[in-house]
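A.B. asks: Please read through the structure below; I'll follow up with questions.
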Amino acid sequence: TFSSVFPHVQLWETLGAGDYLLIGSDRPIFLDLASLTNRTAGVIQKDMEEAGVREITDLLSHFFMGDKALRRYVQETPINTDDNALLEFSSPKGLYQPPQAAPLEEFILFREPAVTLLDSSEDPEFRERLEKNFSAKKLFLEAKADFLREEKEQAMKGLEKSLSLYPEDMEVRLLLGRLYLSRSQRARSRRGFSEAVSNLEKFLDIYPQDLPSRLELAALYHQQKKGEKALEHYKF
């Protein structure tokens with residue numbers, strides 16, 4: 001119904017990918033990069049940095065679909081009306097059900113790069129960075145689908161590839177950190193101390209201020225009789 005009212009629509013994901021924003025307009029939506037940069041300067045820029053958005057390319061990586069892709073995606077979808085209240089009933093149920101991989105995988109197929117929003121005269125280097133971030137985000141979403149299917153080792157490989165392309169992506173760092181920590185705990189439970197140490201170190205590369213994990217790493221080094229390494233982390 002939204003797309004039937006507005007001739008031009010876009011879909012953006014929020015930070016954390018928990019929700020999505022629909023934008024509608026009566027005219028084509030293009031980004032004025034200079035204007036966007038000016039609008040996000042100062043106090044707004046500081047707020048964005050705290051949320052993991054350090055530059056404009058970080059913000060644009062949350063673009064998901066434009067007109068054509070979004071209309072293709074919803075063309076077979078039943079319409080939500082006052083008579084059937086599909087969203088009112090399905091959304092609350094979805095909050096308490098574990099996420100599924102299949103809808104996410106279908107969603108990925110329709111995703112578009114943010115370069116489609118730019119004027120062709122924009123800086124080629126900026127466009128290249130956007131395309132690189134788009135590829136990294138695709139790897140992240142595919143890895144997230146693997147994670148939802150409990151294929152955690154495959155998910156880690158995809159996340160590591162994504163992080164190599166886009167090291168600033170906080171969503172990738174968060175999920176990868178969780179997987180490193182989980183693998184470390186499993187290794188420690190079977191007394192695989194070297195593997196536990198390796199994964200804790202990777203986790204702390206992402207979250208250096210996580211004190212419980214740092215103390216756990218120090219204890220592991222102490223068990224391995226590596227006093228200097230243990231002391232290094234106790235003193236952090």
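Following the order of the structure tokens, chains are lettered A, B, ..., residues in each are numbered from 1, and ligands are numbered from 1.
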With region 43-64 of chain A as the partner and 12 Å as the cut-off, tabulate the residues of region 78-123 of chain A that qualify, each row holding the nearest pair of atoms and their distance in Å to one decimal, using only C-alpha atoms, sorted by chain and rising number, as JSON lines.
C.D. replies:
{"residue": "A:Phe107", "atom": "CA", "partner": "A:Phe64", "partner_atom": "CA", "distance": 9.2}
{"residue": "A:Ile108", "atom": "CA", "partner": "A:Phe64", "partner_atom": "CA", "distance": 8.8}
{"residue": "A:Leu109", "atom": "CA", "partner": "A:Phe64", "partner_atom": "CA", "distance": 10.6}
{"residue": "A:Phe110", "atom": "CA", "partner": "A:Phe64", "partner_atom": "CA", "distance": 8.2}
{"residue": "A:Arg111", "atom": "CA", "partner": "A:Phe64", "partner_atom": "CA", "distance": 5.2}
{"residue": "A:Glu112", "atom": "CA", "partner": "A:Phe64", "partner_atom": "CA", "distance": 5.8}
{"residue": "A:Pro113", "atom": "CA", "partner": "A:Phe63", "partner_atom": "CA", "distance": 7.2}
{"residue": "A:Ala114", "atom": "CA", "partner": "A:Phe63", "partner_atom": "CA", "distance": 5.9}
{"residue": "A:Val115", "atom": "CA", "partner": "A:Leu60", "partner_atom": "CA", "distance": 8.8}
{"residue": "A:Thr116", "atom": "CA", "partner": "A:Phe63", "partner_atom": "CA", "distance": 10.1}
{"residue": "A:Leu117", "atom": "CA", "partner": "A:Phe63", "partner_atom": "CA", "distance": 9.3}
{"residue": "A:Leu118", "atom": "CA", "partner": "A:Leu60", "partner_atom": "CA", "distance": 10.5}
A.B. asks: Which residues of region 101-216 of chain A sit at most 12 Å from region 224-229 of chain A, using only C-alpha atoms? Give each one's shortest atom pair and distance in Å (one decimal place), in chain and ascending residue order, as a tab-separated table.
C.D. replies:
residue	atom	partner	partner_atom	distance
A:Arg191	CA	A:Gln224	CA	11.3
A:Gly192	CA	A:Gln224	CA	11.3
A:Phe193	CA	A:Gln224	CA	8.0
A:Ser194	CA	A:Gln224	CA	8.9
A:Ala196	CA	A:Gln224	CA	11.7
A:Val197	CA	A:Gln224	CA	10.1
A:Glu201	CA	A:Lys229	CA	11.7
A:Arg214	CA	A:Lys229	CA	11.2
A:Leu215	CA	A:Lys229	CA	11.5
A.B. asks: Give me the residues near region 164-167 of chain A as a list in words, where near means some atom within 12 Å (using only C-alpha atoms) and where sequence neighbours in that chain fewer than 5 positions away do not count.
C.D. replies: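 Near neighbours after the sequence-gap exclusion: Gly52, Arg54, Thr57, Asp58, Ser61, Glu128, Arg129, Leu130, Glu131, Lys132, Asn133, Phe134, Ser135, Ala136, Lys137, Lys138, Leu139, Phe140, Lys157, Gly158, Leu159, Val172, Arg173, Leu174, Leu176, Asp205 and Ile206 of chain A.
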A.B. asks: Take the residues just selected and output them with C-alpha atoms as a PDB file, in the first residue's frame.
C.D. replies:
ATOM      1  CA  GLY A  52      29.642   3.096  14.642  1.00  0.00           C
ATOM      2  CA  ARG A  54      32.327   7.176  11.202  1.00  0.00           C
ATOM      3  CA  THR A  57      30.103   5.441   3.401  1.00  0.00           C
ATOM      4  CA  ASP A  58      29.196   3.758   6.713  1.00  0.00           C
ATOM      5  CA  SER A  61      26.004   0.885   3.584  1.00  0.00           C
ATOM      6  CA  GLU A 128      34.629   2.306  -5.298  1.00  0.00           C
ATOM      7  CA  ARG A 129      34.521   2.436  -1.492  1.00  0.00           C
ATOM      8  CA  LEU A 130      30.740   2.137  -1.581  1.00  0.00           C
ATOM      9  CA  GLU A 131      30.924  -0.902  -3.853  1.00  0.00           C
ATOM     10  CA  LYS A 132      33.521  -2.482  -1.559  1.00  0.00           C
ATOM     11  CA  ASN A 133      31.287  -1.902   1.463  1.00  0.00           C
ATOM     12  CA  PHE A 134      28.351  -3.402  -0.460  1.00  0.00           C
ATOM     13  CA  SER A 135      30.355  -6.588  -1.094  1.00  0.00           C
ATOM     14  CA  ALA A 136      31.396  -6.735   2.560  1.00  0.00           C
ATOM     15  CA  LYS A 137      27.797  -6.314   3.704  1.00  0.00           C
ATOM     16  CA  LYS A 138      26.664  -9.112   1.399  1.00  0.00           C
ATOM     17  CA  LEU A 139      29.248 -11.418   2.990  1.00  0.00           C
ATOM     18  CA  PHE A 140      27.983 -10.381   6.422  1.00  0.00           C
ATOM     19  CA  LYS A 157      34.753 -17.601   7.620  1.00  0.00           C
ATOM     20  CA  GLY A 158      32.268 -15.254   5.965  1.00  0.00           C
ATOM     21  CA  LEU A 159      32.534 -12.717   8.780  1.00  0.00           C
ATOM     22  CA  VAL A 172      30.319  -7.782  11.792  1.00  0.00           C
ATOM     23  CA  ARG A 173      32.620  -7.151  14.746  1.00  0.00           C
ATOM     24  CA  LEU A 174      29.810  -7.850  17.220  1.00  0.00           C
ATOM     25  CA  LEU A 176      32.307 -12.328  15.023  1.00  0.00           C
ATOM     26  CA  ASP A 205      41.192  -7.489  19.278  1.00  0.00           C
ATOM     27  CA  ILE A 206      37.563  -6.551  18.636  1.00  0.00           C
TER      28      ILE A 206
END
A.B. asks: Compare A:Val74, A:Ile23, A:Ala187, A:Leu104 by their minimum atom-to-atom distance to Leu11 (chain A), counting only C-alpha atoms, and give me the closest one.
C.D. replies: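 Selected residue with least distance to Leu11 (chain A): A:Ile23.
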A.B. asks: Between A:Ser90, A:Ser35, A:Gln10, A:Ser25, which residue has the minimum interatomic distance to Ala69 (chain A), considering only C-alpha atoms?
C.D. replies: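 So, comparing all the options, the nearest one is A:Gln10.
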A.B. asks: Could you list, as a ChimeraX atom specification, every residue within 8 Å of Leu204 (chain A), counting only C-alpha atoms and ignoring same-chain residues fewer than 4 positions away?
C.D. replies: /A:200,208-210,213-214
A.B. asks: With N, CA and C atoms retained, write the just-selected residues as an mmCIF file, in the first residue's frame.
C.D. replies:
data_model
loop_
_atom_site.group_PDB
_atom_site.id
_atom_site.type_symbol
_atom_site.label_atom_id
_atom_site.label_comp_id
_atom_site.auth_asym_id
_atom_site.auth_seq_id
_atom_site.Cartn_x
_atom_site.Cartn_y
_atom_site.Cartn_z
ATOM 1 N N LEU A 200 40.235 -16.134 22.311
ATOM 2 C CA LEU A 200 40.081 -15.005 23.226
ATOM 3 C C LEU A 200 40.887 -13.801 22.751
ATOM 4 N N PRO A 208 38.632 -4.762 23.124
ATOM 5 C CA PRO A 208 39.772 -4.714 24.049
ATOM 6 C C PRO A 208 39.405 -4.344 25.490
ATOM 7 N N GLN A 209 38.242 -3.697 25.692
ATOM 8 C CA GLN A 209 37.864 -3.256 27.034
ATOM 9 C C GLN A 209 37.035 -4.297 27.799
ATOM 10 N N ASP A 210 36.836 -5.488 27.229
ATOM 11 C CA ASP A 210 36.021 -6.498 27.904
ATOM 12 C C ASP A 210 36.842 -7.149 29.020
ATOM 13 N N SER A 213 36.734 -11.153 29.926
ATOM 14 C CA SER A 213 37.443 -11.980 28.946
ATOM 15 C C SER A 213 38.953 -11.802 29.078
ATOM 16 N N ARG A 214 39.379 -10.582 29.403
ATOM 17 C CA ARG A 214 40.820 -10.343 29.582
ATOM 18 C C ARG A 214 41.344 -11.090 30.811
#
A.B. asks: Return as an MDAnalysis selection string the full set of residues in region 63-229 of chain A whose backbone-based DSSP assignment is alpha helix (DSSP H).
C.D. replies: chainID A and resid 67:74 86:95 101:110 124:148 152:165 170:189 193:206 211:223 227:229
A.B. asks: Quick one: residues within 12 Å of Pro78 (chain A), only C-alpha atoms counted, chain neighbours fewer than 6 positions away excluded, as number ranges by chain?
C.D. replies: A: 1, 84-87
A.B. asks: Suppose you want the space between CA of His8 (chain A) and CA of Gly66 (chain A); what is it in Å?
C.D. replies: 8.1 Å
A.B. asks: Nearest to Ala102 (chain A): which of A:Phe126, A:Asp83, A:Glu76, A:Ala145 is it, counting only C-alpha atoms?
C.D. replies: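 Comparing A:Phe126, A:Asp83, A:Glu76, A:Ala145 against Ala102 (chain A), the winner is A:Ala145.
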A.B. asks: Would you return as a list in words the members of chain A that DSSP assigns to strand (DSSP E) on this structure's backbone?
C.D. replies: His8, Val9, Gln10, Leu11, Trp12, Glu13, Tyr20, Leu21, Leu22, Ile23, Gly24, Ser25, Phe63, Phe64 and Met65 of chain A
A.B. asks: Using N, CA and C atoms, can you export the residues from the last selection as a short mmCIF file (atom, residue, chain, number, x, y, z; two decimals), in the first residue's frame?
C.D. replies:
data_model
loop_
_atom_site.label_atom_id
_atom_site.label_comp_id
_atom_site.auth_asym_id
_atom_site.auth_seq_id
_atom_site.Cartn_x
_atom_site.Cartn_y
_atom_site.Cartn_z
N HIS A 8 7.91 6.87 -5.72
CA HIS A 8 9.33 6.60 -5.53
C HIS A 8 9.56 6.16 -4.08
N VAL A 9 10.11 4.96 -3.90
CA VAL A 9 10.27 4.40 -2.56
C VAL A 9 11.67 3.81 -2.39
N GLN A 10 12.10 3.79 -1.14
CA GLN A 10 13.38 3.18 -0.78
C GLN A 10 13.22 2.42 0.54
N LEU A 11 14.09 1.44 0.74
CA LEU A 11 14.15 0.69 1.99
C LEU A 11 15.56 0.79 2.56
N TRP A 12 15.65 1.20 3.82
CA TRP A 12 16.93 1.30 4.52
C TRP A 12 16.85 0.46 5.79
N GLU A 13 17.98 -0.13 6.18
CA GLU A 13 18.01 -0.84 7.46
C GLU A 13 18.56 0.08 8.53
N TYR A 20 13.62 -1.77 9.76
CA TYR A 20 13.83 -1.19 8.43
C TYR A 20 12.96 0.05 8.29
N LEU A 21 13.44 0.99 7.50
CA LEU A 21 12.76 2.26 7.28
C LEU A 21 12.31 2.36 5.82
N LEU A 22 11.04 2.64 5.60
CA LEU A 22 10.52 2.91 4.26
C LEU A 22 10.50 4.42 4.04
N ILE A 23 11.04 4.84 2.92
CA ILE A 23 11.03 6.26 2.56
C ILE A 23 10.25 6.41 1.26
N GLY A 24 9.29 7.32 1.24
CA GLY A 24 8.49 7.54 0.04
C GLY A 24 8.55 8.99 -0.40
N SER A 25 8.46 9.21 -1.71
CA SER A 25 8.53 10.56 -2.25
C SER A 25 7.72 10.64 -3.54
N PHE A 63 21.75 1.30 3.09
CA PHE A 63 20.74 1.32 2.03
C PHE A 63 20.47 -0.12 1.59
N PHE A 64 19.18 -0.44 1.38
CA PHE A 64 18.86 -1.84 1.05
C PHE A 64 18.23 -2.00 -0.33
N MET A 65 17.20 -1.23 -0.64
CA MET A 65 16.53 -1.37 -1.94
C MET A 65 16.00 -0.03 -2.41
#
